[in-house]
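K.L.:
Let me give you the structure first, and then I'll get to my questions.
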Amino acid sequence: MNLLAGFFWQNDTQGVTAGTIIVLSNACWLIGLIGLFERLRPTTPRYVAIGLPVTVFGAIGGVAYGVQSIHEGLFAVSHADAVERLGEHPFAAYAVYWTCGPLFPISLFVLGLVLAKVRVAPLPVGIMVSLGAIVFPLSRITREASIAHLADLFLLLPFLYLGLRSLSQSRVVRGPQRDGADAGRRPAGR
């Protein structure tokens, strides 16, 4: 969804449509990342205990940036003016934007390193997640759509791989579905 949002960016703001997609995207990120953290919990319980809350706060920052884009469009305020006005509210600025906002790419960067270190995914997957996490804030700060598309691809591809692999592994674990007659019986010899 982040990749899709980049196609709706406007000249000096992301705009209402992109902002809406960004908010929805952060909800999807959380659902997927919580599932990934749960799969990592047996291997890296301490990391998950710290990394999951940091990631949730980072997603809150992402939602805030999406809502900011919506408000810029609704109230016809430039991005630069919105950031300047945010300075008039230091608690909101620091709590939600300047603290929570950077936590999302930071948490993705560390997640990429963890994926690479514990080898729960192929090394290129962890590297791509970390690279995407580096390029992600650069694209949002510069408001350069081409950099945003690159960052979003760096993140989409490894997470698409992880999602598809997770789906195929859950099918293998559950096994084939049996029809009603055999569903309650155990195979002979067990």
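Numbering starts fresh at 1 for the residues of each chain in the structure tokens, the chains themselves are lettered A, B, ... in the order given, and ligands are numbered from 1 as they appear.
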Please identify all polymer residues within 10 Å of range 116-124 of chain A, counting only C-alpha atoms, omitting same-chain residues fewer than 5 positions from it, and present them as a count of residues only.

P.N.:
12

K.L.:
Please provide as an NGL selection string all residues within 10 Å of Ser25 in chain A, with the sequence filter that same-chain residues fewer than 6 positions apart are discarded (counting only C-alpha atoms).

P.N.:
:A and (1-5 or 19 or 31 or 59 or 62-63 or 66)

K.L.:
Select, from A:Tyr47, A:Phe159, A:Phe37, A:Tyr94, the residue with the minimum atom-to-atom distance to Gly61 in chain A, counting only C-alpha atoms.

P.N.:
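When distances to Gly61 in chain A are compared using only C-alpha atoms, the smallest one comes from A:Tyr94.
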
K.L.:
Mind giving me the straight-line distance from CA of Gly163 in chain A to CA of Ser69 in chain A in Å, one decimal?

P.N.:
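Here the two named atoms are 28.8 Å from each other.
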
K.L.:
Need to verify the contact set: Phe7 in chain A, 9 Å, only C-alpha atoms, exclusion of same-chain residues closer than 5 positions in sequence. Can you return it as a list in words?

P.N.:
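With the cut-off at 9 Å, the set is Ala18, Ala145 and His149 of chain A.
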
K.L.:
So what do you get for CA of Pro90 in chain A versus CA of Gly15 in chain A, distance-wise?

P.N.:
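Computing the Euclidean distance for CA of Pro90 in chain A and CA of Gly15 in chain A yields 23.8 Å.
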
K.L.:
Of the residues A:Thr20, A:Ser168, A:Ser146, A:Asn26, which is the one nearest to Phe104 in chain A, using only C-alpha atoms?

P.N.:
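With only C-alpha atoms as the atom set, the closest residue is A:Asn26.
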
K.L.:
With only C-alpha atoms as the basis for distance, which of A:Thr13, A:Ile134, A:Val56, A:Phe75 is at the shortest distance from Cys28 in chain A?

P.N.:
A:Val56

K.L.:
Would you pick out the contacts of Ala148 in chain A at 10 Å or less, using only C-alpha atoms, so that residues sharing its chain but fewer than 5 positions from it are not included, and give the list as number ranges by chain?

P.N.:
A: 2-3, 5-7, 132, 135-143, 153-154
